[in-house]
file structure.txt (compact mmCIF, C-alpha atoms)
# COMPACT_ATOMS: atom_id res chain seq x y z
CA MET A 1 165.34 45.37 289.11
CA ALA A 2 168.43 44.44 291.06
CA ARG A 3 168.78 46.71 294.08
CA PRO A 4 166.66 49.86 294.18
CA HIS A 5 168.03 53.21 295.23
CA ILE A 6 168.07 53.13 299.04
CA GLU A 7 169.21 56.56 300.17
CA PRO A 8 169.29 57.70 302.86
CA TYR A 9 168.39 54.92 305.29
CA VAL A 10 169.18 55.11 308.99
CA GLU A 11 169.01 51.77 310.75
CA THR A 12 169.56 52.87 314.37
CA SER A 13 165.88 52.92 315.31
CA VAL A 14 164.99 49.80 313.32
CA ALA A 15 164.33 46.54 315.22
CA TRP A 16 166.61 43.51 314.86
CA LYS A 17 165.15 40.45 313.15
CA ARG A 18 166.06 36.85 313.86
CA MET A 19 167.96 35.14 311.06
CA THR A 20 165.68 32.31 309.98
CA LEU A 21 167.49 31.11 306.89
CA PRO A 22 168.41 27.42 306.98
CA GLY A 23 171.88 26.58 308.19
CA PHE A 24 172.43 29.55 310.50
CA PRO A 25 172.40 28.75 314.22
CA LYS A 26 170.44 30.64 316.88
CA GLY A 27 171.82 33.88 318.22
CA MET A 28 172.10 35.79 314.94
CA ARG A 29 169.94 38.86 314.32
CA TYR A 30 170.07 41.29 311.46
CA LYS A 31 168.83 44.50 309.90
CA MET A 32 168.56 44.44 306.12
CA LEU A 33 170.21 47.47 304.55
CA SER A 34 169.66 46.62 300.89
CA PHE A 35 168.59 43.54 299.01
CA ASP A 36 168.94 42.44 295.38
CA THR A 37 165.52 41.17 294.40
CA ASP A 38 166.96 39.19 291.47
CA THR A 39 169.75 37.29 293.19
CA GLY A 40 169.25 37.69 296.96
CA ALA A 41 172.62 39.43 297.32
CA CYS A 42 172.37 41.78 300.25
CA SER A 43 174.02 44.06 302.77
CA MET A 44 173.11 43.62 306.42
CA LYS A 45 174.04 44.86 309.84
CA VAL A 46 174.26 41.76 312.00
CA LEU A 47 174.17 41.22 315.75
CA PHE A 48 175.80 38.07 317.12
CA GLU A 49 174.43 37.51 320.60
CA PRO A 50 176.87 36.66 323.42
CA GLY A 51 177.86 33.01 323.05
CA PHE A 52 176.95 32.83 319.36
CA ASN A 53 178.76 29.90 317.82
CA LEU A 54 178.91 29.25 314.09
CA PRO A 55 180.49 25.88 313.33
CA PRO A 56 183.09 25.51 310.56
CA GLY A 57 181.43 26.04 307.21
CA MET A 58 181.05 27.87 303.93
CA SER A 59 178.70 30.08 301.94
CA TYR A 60 177.62 29.67 298.31
CA SER A 61 178.24 33.38 297.76
CA GLU A 62 181.31 35.51 298.21
CA MET A 63 180.89 37.23 301.56
CA GLU A 64 182.55 40.27 303.14
CA MET A 65 182.37 41.01 306.86
CA PHE A 66 183.52 44.02 308.87
CA VAL A 67 183.54 44.04 312.69
CA LEU A 68 181.88 47.18 314.08
CA SER A 69 181.93 46.37 317.79
CA GLY A 70 182.60 43.47 320.15
CA SER A 71 184.87 40.67 319.07
CA LEU A 72 184.85 37.44 317.08
CA THR A 73 187.03 34.42 317.69
CA VAL A 74 187.77 32.83 314.33
CA GLY A 75 189.57 29.55 314.85
CA ASP A 76 192.28 30.43 317.40
CA ALA A 77 192.46 34.18 316.76
CA THR A 78 190.26 36.91 318.23
CA HIS A 79 189.42 39.99 316.18
CA GLY A 80 187.86 43.25 317.30
CA PRO A 81 186.47 46.38 315.65
CA GLY A 82 187.97 47.26 312.29
CA TYR A 83 188.69 43.67 311.30
CA TYR A 84 187.68 42.90 307.72
CA PHE A 85 187.24 39.53 305.98
CA CYS A 86 186.61 38.73 302.33
CA VAL A 87 185.60 35.09 302.02
CA PRO A 88 185.19 33.71 298.49
CA ALA A 89 182.30 31.36 297.76
CA GLY A 90 182.95 27.84 299.00
CA VAL A 91 185.88 28.67 301.27
CA ALA A 92 185.34 26.92 304.60
CA MET A 93 185.96 29.14 307.62
CA PRO A 94 186.82 27.71 311.02
CA ALA A 95 184.28 28.04 313.84
CA ILE A 96 183.30 31.67 314.54
CA VAL A 97 182.40 32.46 318.14
CA ALA A 98 181.25 35.74 319.69
CA PRO A 99 181.91 35.13 323.41
CA ARG A 100 180.57 38.53 324.48
CA GLY A 101 178.62 39.37 321.36
CA ALA A 102 179.52 41.47 318.33
CA GLN A 103 178.01 43.69 315.68
CA VAL A 104 179.25 43.38 312.12
CA LEU A 105 178.41 44.42 308.59
CA MET A 106 177.90 41.44 306.27
CA PHE A 107 177.76 41.63 302.50
CA TYR A 108 176.64 38.59 300.50
CA ASN A 109 177.67 39.73 297.05
CA TYR A 110 176.16 37.24 294.61
CA GLY A 111 173.34 35.36 296.34
CA GLU A 112 171.26 35.30 299.50
CA PRO A 113 173.00 34.52 302.81
CA SER A 114 173.77 30.82 303.04
CA PHE A 115 175.68 28.63 305.42
CA VAL A 116 176.66 25.00 305.00
CA GLU A 117 178.57 23.20 307.75
CA SER A 118 181.84 21.90 306.36
CA ASP A 119 185.41 21.27 307.46
CA SER A 120 186.74 21.57 303.93
CA ASP A 121 186.45 23.90 300.96
CA HIS A 122 183.99 23.34 298.13
CA PRO A 123 185.81 21.91 295.06
CA ASN A 124 185.20 25.23 293.21
CA ALA A 125 186.43 27.45 296.02
CA GLU A 126 189.23 29.90 295.29
CA ARG A 127 190.98 29.98 298.65
CA HIS A 128 193.82 32.13 297.31
CA ARG A 129 191.35 35.01 297.06
CA TYR A 130 190.58 34.94 300.79
CA SER A 131 191.77 38.04 302.60
CA ALA A 132 191.56 39.42 306.12
CA VAL A 133 193.04 42.55 307.64
CA ASN A 134 192.74 44.75 310.69
CA ALA A 135 191.74 47.93 308.86
CA TYR A 136 192.01 50.20 311.90
CA GLU A 137 195.51 49.16 312.95
CA ASN A 138 197.30 47.70 309.94
CA LEU A 139 196.40 49.99 307.03
CA SER A 140 197.29 53.64 306.46
CA TRP A 141 195.04 56.44 305.27
CA THR A 142 195.80 57.62 301.76
CA SER A 143 194.30 60.35 299.62
CA THR A 144 191.81 59.15 297.02
CA ASN A 145 193.54 58.25 293.79
CA PHE A 146 190.61 58.88 291.50
CA PHE A 147 190.98 61.74 289.05
CA PRO A 148 189.30 64.13 289.18
CA ALA A 149 189.70 63.74 292.92
CA THR A 150 187.60 64.52 295.93
CA ALA A 151 188.59 67.62 297.89
CA SER A 152 191.35 67.35 300.46
CA GLY A 153 190.15 65.88 303.72
CA CYS A 154 188.61 62.74 302.22
CA LEU A 155 190.92 59.80 302.90
CA VAL A 156 190.64 56.10 302.17
CA LYS A 157 191.96 52.68 303.18
CA VAL A 158 191.37 50.08 300.46
CA LEU A 159 190.30 46.72 301.89
CA LYS A 160 189.51 44.83 298.71
CA PHE A 161 190.18 45.54 295.04
CA ASP A 162 188.88 43.43 292.17
CA GLU A 163 191.50 43.75 289.46
CA ARG A 164 189.11 42.96 286.64
CA SER A 165 186.04 45.09 287.47
CA GLN A 166 187.94 47.55 289.71
CA ALA A 167 185.16 47.15 292.26
CA PHE A 168 186.50 47.94 295.68
CA THR A 169 185.69 48.02 299.35
CA PHE A 170 187.19 50.79 301.41
CA LEU A 171 187.11 52.61 304.68
CA TYR A 172 186.85 56.34 304.19
CA CYS A 173 186.87 59.34 306.41
CA MET A 174 186.01 62.97 306.02
CA THR A 175 187.95 65.28 308.27
CA PRO A 176 186.14 67.99 310.28
CA ASN A 177 185.05 70.93 308.11
CA PHE A 178 185.30 68.91 304.91
CA TRP A 179 183.42 70.47 302.01
CA GLN A 180 183.27 69.96 298.28
CA ASP A 181 181.17 72.13 296.01
CA ASN A 182 180.36 69.96 293.05
CA ILE A 183 177.80 67.35 292.07
CA SER A 184 179.10 63.87 291.34
CA TYR A 185 177.84 60.68 289.79
CA HIS A 186 179.56 57.41 288.96
CA ASP A 187 179.31 54.61 286.39
CA CYS A 188 179.19 52.13 289.28
CA ALA A 189 176.76 51.43 292.07
CA GLU A 190 178.04 52.83 295.34
CA GLU A 191 177.24 51.84 298.90
CA SER A 192 178.17 53.27 302.27
CA TYR A 193 177.53 52.71 305.95
CA HIS A 194 178.38 55.46 308.45
CA ILE A 195 180.31 53.88 311.32
CA TRP A 196 180.57 57.22 313.05
CA GLY A 197 179.72 60.81 312.22
CA THR A 198 177.35 62.87 310.15
CA SER A 199 177.88 64.14 306.63
CA TRP A 200 175.60 66.18 304.40
CA MET A 201 174.69 66.01 300.75
CA MET A 202 172.67 68.60 298.92
CA GLN A 203 170.09 66.08 297.65
CA PHE A 204 169.53 63.99 300.75
CA GLY A 205 170.43 66.14 303.77
CA ASN A 206 172.28 64.69 306.76
CA LEU A 207 173.45 61.09 306.96
CA PRO A 208 174.26 60.35 310.61
CA THR A 209 175.96 57.47 312.43
CA GLY A 210 174.13 54.31 311.35
CA GLY A 211 173.18 55.97 308.07
CA TYR A 212 173.39 53.91 304.91
CA PHE A 213 172.91 54.19 301.18
CA TRP A 214 172.90 51.94 298.14
CA ARG A 215 173.04 54.20 295.12
CA PRO A 216 172.73 52.78 291.57
CA PRO A 217 174.92 54.30 288.83
CA TYR A 218 174.46 57.80 287.37
CA ILE A 219 172.54 59.33 290.28
CA ASN A 220 173.54 62.85 291.32
CA HIS A 221 174.97 63.36 294.79
CA GLY A 222 176.71 66.39 296.25
CA ALA A 223 177.61 69.10 297.07
CA PHE A 224 179.17 67.63 300.20
CA ALA A 225 179.96 68.86 303.71
CA CYS A 226 180.94 67.36 307.03
CA LYS A 227 181.28 69.48 310.16
CA TYR A 228 182.76 67.14 312.76
CA GLY A 229 184.25 64.30 310.70
CA THR A 230 182.92 60.93 309.54
CA LEU A 231 184.20 57.36 309.41
CA ALA A 232 182.43 55.06 306.95
CA LEU A 233 182.72 51.81 305.03
CA GLY A 234 182.19 52.16 301.28
CA ARG A 235 181.89 49.72 298.39
CA THR A 236 181.47 49.88 294.63
CA ASP A 237 180.55 47.17 292.13
CA SER A 238 182.97 48.38 289.43
CA GLN A 239 185.35 51.25 288.70
CA LEU A 240 184.60 54.50 290.50
CA TYR A 241 185.07 57.58 288.37
CA ASN A 242 183.98 60.99 289.59
CA HIS A 243 181.86 62.64 286.90
CA PHE A 244 181.71 66.15 288.39
CA HIS A 245 179.32 68.86 287.22
CA PHE A 246 177.16 71.64 288.63
CA ASN A 247 173.67 71.04 287.27
CA PRO A 248 171.48 69.87 290.18
CA TRP A 249 168.60 68.80 287.95
CA THR A 250 170.06 66.30 285.51
CA THR A 251 168.53 62.82 285.37
CA PRO A 252 170.38 59.47 285.49
CA GLU A 253 169.64 59.05 281.76
CA GLU A 254 171.24 62.41 280.94
CA ASN A 255 174.19 61.59 283.17
CA LEU A 256 174.67 58.22 281.47
CA GLU A 257 174.63 59.84 278.04
CA ARG A 258 177.15 62.45 279.17
CA ALA A 259 179.43 59.72 280.54
CA ALA A 260 179.24 57.78 277.26
CA SER A 261 179.93 60.92 275.26
CA ARG A 262 183.01 61.67 277.35
CA ILE A 263 184.54 58.28 276.54
CA GLN A 264 184.77 59.56 272.96
CA HIS A 265 187.18 62.23 274.21
CA TRP A 266 189.10 60.20 276.76
CA LYS A 267 189.69 57.07 274.67
CA PRO A 268 188.85 57.94 271.06
CA GLU A 269 190.58 54.92 269.53
CA LEU A 270 188.91 52.48 271.85
CA TYR A 271 185.56 54.22 271.52
CA ASN A 272 185.69 54.09 267.74
CA TRP A 273 186.70 50.43 267.74
CA VAL A 274 183.91 49.43 270.13
CA ALA A 275 181.34 51.56 268.32
CA THR A 276 182.16 49.96 264.97
CA GLY A 277 179.77 47.15 264.08
CA ASP A 278 180.76 43.67 265.25
CA HIS A 279 183.16 44.98 267.89
CA ASN A 280 180.72 45.23 270.72
CA HIS A 281 181.56 41.92 272.39
CA PRO A 282 185.31 42.16 273.04
CA VAL A 283 187.15 39.39 274.80
CA ASP A 284 189.61 39.90 277.64
CA PHE A 285 192.51 37.55 276.82
CA GLU A 286 192.90 36.87 280.54
CA TYR A 287 189.29 35.65 280.70
CA PRO A 288 188.67 34.04 277.32
CA GLY A 289 185.72 31.94 278.49
CA ASP A 290 183.80 34.82 280.00
CA HIS A 291 182.67 37.36 277.45
CA GLY A 292 180.30 39.17 279.77
CA HIS A 293 177.15 39.66 277.75
CA SER A 294 173.86 37.94 277.66
CA HIS A 295 173.50 35.55 274.77
CA GLY A 296 170.78 36.81 272.51
CA ASP A 297 170.20 35.78 268.98
CA VAL A 298 172.24 38.60 267.48
CA PRO A 299 175.18 37.27 265.45
CA HIS A 300 178.45 38.66 266.73
CA HIS A 301 182.10 37.75 267.07
CA HIS A 302 184.48 37.90 269.95
CA GLY A 303 187.66 39.96 269.96
CA ASP A 304 189.99 39.10 267.13
CA GLN A 305 188.21 35.88 266.20
CA ASN A 306 186.60 37.01 263.01
CA LEU A 307 183.97 34.30 262.90
CA ALA A 308 180.54 35.67 263.46
CA HIS A 309 178.28 33.35 265.41
CA SER A 310 175.20 33.29 267.52
CA HIS A 311 174.45 31.67 270.86
CA ALA A 312 170.78 31.34 270.13
CA GLY A 313 169.12 28.24 268.83
CA ARG A 314 169.13 26.04 271.90
CA ALA A 315 165.53 25.01 272.23
CA ARG A 316 164.18 25.46 275.70
CA LYS A 317 162.64 22.42 277.26
CA VAL A 318 159.00 23.00 277.97
CA ARG A 319 157.56 21.04 280.82
CA ARG A 320 154.05 19.97 279.99
CA LYS A 321 151.43 19.45 282.60
CA LYS A 322 150.18 15.92 282.68
CA MET B 1 184.57 31.86 292.09
CA LYS B 2 182.08 34.40 293.34
CA PHE B 3 179.01 32.20 293.51
CA ILE B 4 178.41 28.45 293.57
CA ARG B 5 175.15 27.38 292.04
CA ASN B 6 172.78 25.69 294.46
CA LYS B 7 169.09 25.03 294.79
CA ARG B 8 167.23 27.54 296.92
CA SER B 9 165.18 25.85 299.66
CA ARG B 10 161.51 26.62 300.32
CA GLU B 11 162.43 28.45 303.54
CA ALA B 12 164.91 30.54 301.60
CA GLU B 13 162.26 31.33 298.97
CA ARG B 14 159.88 32.51 301.70
CA TRP B 15 162.62 34.61 303.27
CA PHE B 16 163.47 36.05 299.85
CA LYS B 17 159.89 37.14 299.16
CA GLN B 18 159.48 38.63 302.62
CA GLU B 19 162.68 40.69 302.27
CA ALA B 20 161.61 41.93 298.83
CA ARG B 21 158.25 43.05 300.29
CA GLU B 22 159.90 44.83 303.22
CA GLN B 23 162.34 46.58 300.93
CA LYS B 24 159.47 47.98 298.85
CA THR B 25 158.03 49.48 302.03
CA ARG B 26 161.42 50.96 302.99
CA TYR B 27 161.82 52.41 299.53
CA ARG B 28 158.39 54.08 299.58
CA LYS B 29 159.13 55.60 303.00
CA ILE B 30 162.43 57.00 301.74
CA VAL B 31 160.75 58.54 298.69
CA ALA B 32 158.09 60.17 300.90
CA GLU B 33 160.72 61.54 303.29
CA GLN B 34 162.78 62.92 300.43
CA ASP B 35 159.71 64.52 298.83
CA ALA B 36 159.03 66.26 302.14
CA LEU B 37 162.58 67.62 302.11
CA ALA B 38 161.99 69.47 298.81
CA PRO B 39 161.60 73.03 300.21
CA LYS B 40 164.86 72.74 302.16
CA ARG B 41 166.60 71.19 299.17
CA ASP B 42 165.57 74.07 296.94
CA LYS B 43 167.27 76.47 299.36
CA TRP B 44 170.40 74.29 299.46
CA VAL B 45 170.50 74.29 295.66
CA ASP B 46 170.17 78.10 295.54
CA ALA B 47 173.04 78.43 298.04
CA PHE B 48 175.18 75.98 296.02
CA LEU B 49 174.60 77.86 292.77
CA GLU B 50 175.57 81.08 294.57
CA ARG B 51 178.74 79.58 296.06
CA ILE B 52 180.03 78.21 292.77
CA GLN B 53 179.81 81.76 291.33
CA THR B 54 181.57 83.40 294.25
CA ARG B 55 183.91 80.82 295.83
CA GLY B 56 184.07 78.35 292.97
CA PHE B 57 183.21 74.85 291.76
CA ASN B 58 185.55 71.95 292.69
CA VAL B 59 186.88 70.93 289.28
CA HIS B 60 189.45 68.56 290.75
CA ALA B 61 190.42 68.15 294.42
CA ASP B 62 190.78 71.70 295.81
CA MET B 63 191.08 73.30 292.37
CA LEU B 64 188.21 75.80 292.18
CA ARG B 65 186.74 77.54 289.16
CA LYS B 66 184.20 80.34 289.42
CA ILE B 67 181.22 79.68 287.19
CA PRO B 68 179.99 82.71 285.22
CA LYS B 69 176.36 83.65 285.79
CA GLU B 70 175.37 82.82 282.21
CA GLN B 71 176.51 79.21 282.69
CA ILE B 72 174.38 78.62 285.79
CA PRO B 73 171.69 76.08 284.86
CA LYS B 74 168.02 76.96 285.16
CA LYS B 75 165.58 74.71 286.97
CA PRO B 76 163.60 72.69 284.42
CA LYS B 77 159.83 72.42 284.64
CA ARG B 78 159.88 68.67 285.23
CA ARG B 79 159.63 67.32 288.78
CA PHE B 80 162.92 67.40 290.70
CA LYS B 81 163.58 63.79 291.74
CA VAL B 82 166.54 62.67 293.84
CA VAL B 83 165.55 59.05 294.56
CA PHE B 84 165.25 56.81 291.50
call {"tool": "encode", "arguments": {"input": "structure.txt", "output": "structure tokens"}}
result
Amino acid sequence: MARPHIEPYVETSVAWKRMTLPGFPKGMRYKMLSFDTDTGACSMKVLFEPGFNLPPGMSYSEMEMFVLSGSLTVGDATHGPGYYFCVPAGVAMPAIVAPRGAQVLMFYNYGEPSFVESDSDHPNAERHRYSAVNAYENLSWTSTNFFPATASGCLVKVLKFDERSQAFTFLYCMTPNFWQDNISYHDCAEESYHIWGTSWMMQFGNLPTGGYFWRPPYINHGAFACKYGTLALGRTDSQLYNHFHFNPWTTPEENLERAASRIQHWKPELYNWVATGDHNHPVDFEYPGDHGHSHGDVPHHHGDQNLAHSHAGRARKVRRKK
Amino acid sequence: MKFIRNKRSREAERWFKQEAREQKTRYRKIVAEQDALAPKRDKWVDAFLERIQTRGFNVHADMLRKIPKEQIPKKPKRRFKVVF
């Protein structure tokens, strides 16, 4: 299991824990929101105590950080609430100081939190993918551009968009008296932290300020309502499509099957091609070396290379006890 | 590059196991809380099924369609789970 379904979880009354992982200096506390038990990837709310000082360094995992309160001095610049960073694996950040303390959300996307002191990037780092923005002041609210769309009164600011998987990180708000009478599920995992405000979902009840969820794909959520407005940070791990329906009792398995069946109607040519034998491992010509499936012993071919082959056959080394 | 391979230290392994344990406890608590919410949820579901017949179901954005009574789903006999 990667990350289990954590919904709803309210962290406000939960105690802070000291960060004890190697590499991190004193003065960092955290609350775990969700944790991938396969990889260590996780989402945390983090408290930097006044005077916290992280020397220049890098992480082995891509990391996203959003400032909730207080301020952080990163190199020569000071950033307050609403500031968002996406730091690719191996990119060395300058020293990060919290002179008066700060609270942030931190997302280690592909491995457990790690920190290695360094003045320079790792040789494999992709610095061009680094991004940082003041989401409160320098981005505008837009309506959601997913079709079918959420009801009016749900607005977003996109902070990060992965062009290949279409995973994205976004601020969203629900205006006062927002409501939407349908049940939704997605093909992606979805995550949210309520920065301010309370919203309601028919399955889970109220999610207040400090409320959080990590929801795996195909799980029903909604109808939706929000009386006084909500500001939240959301993330997905791939494309978000709103599969709307009105049956409260369907299971994730039924929802998955319905989603697969619908692809037949949306993209019949593509569906037929993929469903035909030997076409189930297509290659993206922009990523020829990464064909995105686990290598079993089933013969297959990639894209338009008509040579069937298998990746099996490499004998595993067995370590014998002496 | 989203992740750079590295060897996990012993301290990190310990931390990893501890977090996995704590998450199991959190998960169980959430399931128990959500089970306790079942009577309220049943009422919310009844109200939802009523609203989509009278006011309408959000097909897309604010586009509403009233659902005829014969299309309203019936509660199956299996247990109604919301946390998976």
call {"tool": "residues_near_point", "arguments": {"input": "structure.txt", "point": "(189.3, 67.3, 301.0)", "cutoff": "8 Å", "atoms": "all atoms listed in the file", "output": "PyMOL selection string"}}
result
(chain A and resi 150-155+174-175+178-180) or (chain B and resi 61-62)
call {"tool": "interface_residues", "arguments": {"input": "structure.txt", "of": "chain A", "to": "chain B", "cutoff": "8 Å", "atoms": "only C-alpha atoms", "output": "PyMOL selection string"}}
result
chain A and resi 4-9+20-22+32+34-35+37+40+60-62+88-90+109-112+124-126+147-152+180-182+202-205+219-220+223+244+246-249
call {"tool": "atom_distance", "arguments": {"input": "structure.txt", "atom1": "CA of His281 in chain A", "atom2": "CA of Ala260 in chain A"}}
result
16.8 Å
call {"tool": "atom_distance", "arguments": {"input": "structure.txt", "atom1": "CA of Ile183 in chain A", "atom2": "CA of Thr142 in chain A"}}
result
22.6 Å
call {"tool": "atom_distance", "arguments": {"input": "structure.txt", "atom1": "CA of Arg129 in chain A", "atom2": "CA of Glu117 in chain A"}}
result
20.4 Å
call {"tool": "residues_near_point", "arguments": {"input": "structure.txt", "point": "(192.0, 29.7, 317.3)", "cutoff": "10 Å", "atoms": "only C-alpha atoms", "output": "list in words"}}
result
Thr73, Val74, Gly75, Asp76, Ala77, Thr78, Pro94, Ala95 and Ile96 of chain A
call {"tool": "residues_around", "arguments": {"input": "structure.txt", "residues": "Ala167 in chain A", "least_positions_apart": "6", "cutoff": "12 Å", "atoms": "all atoms listed in the file", "output": "list in words"}}
result
Asn109, Val158, Leu159, Lys160, Phe161, Asp187, Cys188, Ala189, Glu190, Glu191, Gly234, Arg235, Thr236, Asp237, Ser238, Gln239, Leu240 and Tyr241 of chain A
call {"tool": "residues_around", "arguments": {"input": "structure.txt", "residues": "Lys17 in chain A", "least_positions_apart": "4", "cutoff": "10 Å", "atoms": "all atoms listed in the file", "output": "PDB file with C-alpha atoms, in the coordinates of the input"}}
result
ATOM      1  CA  MET A  28     172.100  35.790 314.940  1.00  0.00           C
ATOM      2  CA  ARG A  29     169.940  38.860 314.320  1.00  0.00           C
ATOM      3  CA  TYR A  30     170.070  41.290 311.460  1.00  0.00           C
ATOM      4  CA  LYS A  31     168.830  44.500 309.900  1.00  0.00           C
ATOM      5  CA  MET A  32     168.560  44.440 306.120  1.00  0.00           C
ATOM      6  CA  VAL A  46     174.260  41.760 312.000  1.00  0.00           C
ATOM      7  CA  LEU A  47     174.170  41.220 315.750  1.00  0.00           C
TER       8      LEU A  47
END
call {"tool": "residues_around", "arguments": {"input": "structure.txt", "residues": "Phe107 in chain A", "least_positions_apart": "5", "cutoff": "8 Å", "atoms": "all atoms listed in the file", "output": "PyMOL selection string"}}
result
chain A and resi 41-44+63-65
call {"tool": "decode", "arguments": {"input": "structure.txt", "residues": "range 31-46 of chain A", "atoms": "N, CA and C atoms", "output": "mmCIF file, in the first residue's frame"}}
result
data_model
loop_
_atom_site.group_PDB
_atom_site.id
_atom_site.type_symbol
_atom_site.label_atom_id
_atom_site.label_comp_id
_atom_site.auth_asym_id
_atom_site.auth_seq_id
_atom_site.Cartn_x
_atom_site.Cartn_y
_atom_site.Cartn_z
ATOM 1 N N LYS A 31 4.031 17.817 12.097
ATOM 2 C CA LYS A 31 2.873 16.929 12.266
ATOM 3 C C LYS A 31 2.729 16.185 10.947
ATOM 4 N N MET A 32 2.720 14.867 11.010
ATOM 5 C CA MET A 32 2.580 14.086 9.779
ATOM 6 C C MET A 32 1.121 14.095 9.345
ATOM 7 N N LEU A 33 0.884 14.445 8.108
ATOM 8 C CA LEU A 33 -0.481 14.456 7.574
ATOM 9 C C LEU A 33 -0.772 13.143 6.847
ATOM 10 N N SER A 34 0.134 12.760 5.967
ATOM 11 C CA SER A 34 0.015 11.428 5.342
ATOM 12 C C SER A 34 1.399 10.972 4.918
ATOM 13 N N PHE A 35 1.535 9.638 4.823
ATOM 14 C CA PHE A 35 2.857 9.039 4.686
ATOM 15 C C PHE A 35 2.759 7.827 3.769
ATOM 16 N N ASP A 36 3.620 7.761 2.778
ATOM 17 C CA ASP A 36 3.652 6.642 1.842
ATOM 18 C C ASP A 36 4.523 5.549 2.453
ATOM 19 N N THR A 37 3.911 4.441 2.805
ATOM 20 C CA THR A 37 4.646 3.405 3.525
ATOM 21 C C THR A 37 5.550 2.580 2.603
ATOM 22 N N ASP A 38 5.499 2.840 1.307
ATOM 23 C CA ASP A 38 6.440 2.179 0.387
ATOM 24 C C ASP A 38 7.695 3.032 0.183
ATOM 25 N N THR A 39 7.496 4.331 -0.008
ATOM 26 C CA THR A 39 8.627 5.176 -0.408
ATOM 27 C C THR A 39 9.085 6.148 0.672
ATOM 28 N N GLY A 40 8.208 6.464 1.632
ATOM 29 C CA GLY A 40 8.536 7.497 2.629
ATOM 30 C C GLY A 40 8.072 8.886 2.204
ATOM 31 N N ALA A 41 7.568 9.009 0.975
ATOM 32 C CA ALA A 41 7.014 10.300 0.545
ATOM 33 C C ALA A 41 5.939 10.719 1.541
ATOM 34 N N CYS A 42 5.852 12.006 1.811
ATOM 35 C CA CYS A 42 4.916 12.410 2.856
ATOM 36 C C CYS A 42 4.509 13.872 2.730
ATOM 37 N N SER A 43 3.445 14.197 3.440
ATOM 38 C CA SER A 43 2.958 15.568 3.541
ATOM 39 C C SER A 43 2.957 15.925 5.020
ATOM 40 N N MET A 44 3.541 17.058 5.344
ATOM 41 C CA MET A 44 3.670 17.431 6.759
ATOM 42 C C MET A 44 3.326 18.905 6.949
ATOM 43 N N LYS A 45 2.811 19.211 8.135
ATOM 44 C CA LYS A 45 2.780 20.605 8.559
ATOM 45 C C LYS A 45 4.012 20.774 9.444
ATOM 46 N N VAL A 46 4.777 21.817 9.191
ATOM 47 C CA VAL A 46 6.064 21.966 9.864
ATOM 48 C C VAL A 46 6.136 23.311 10.581
#
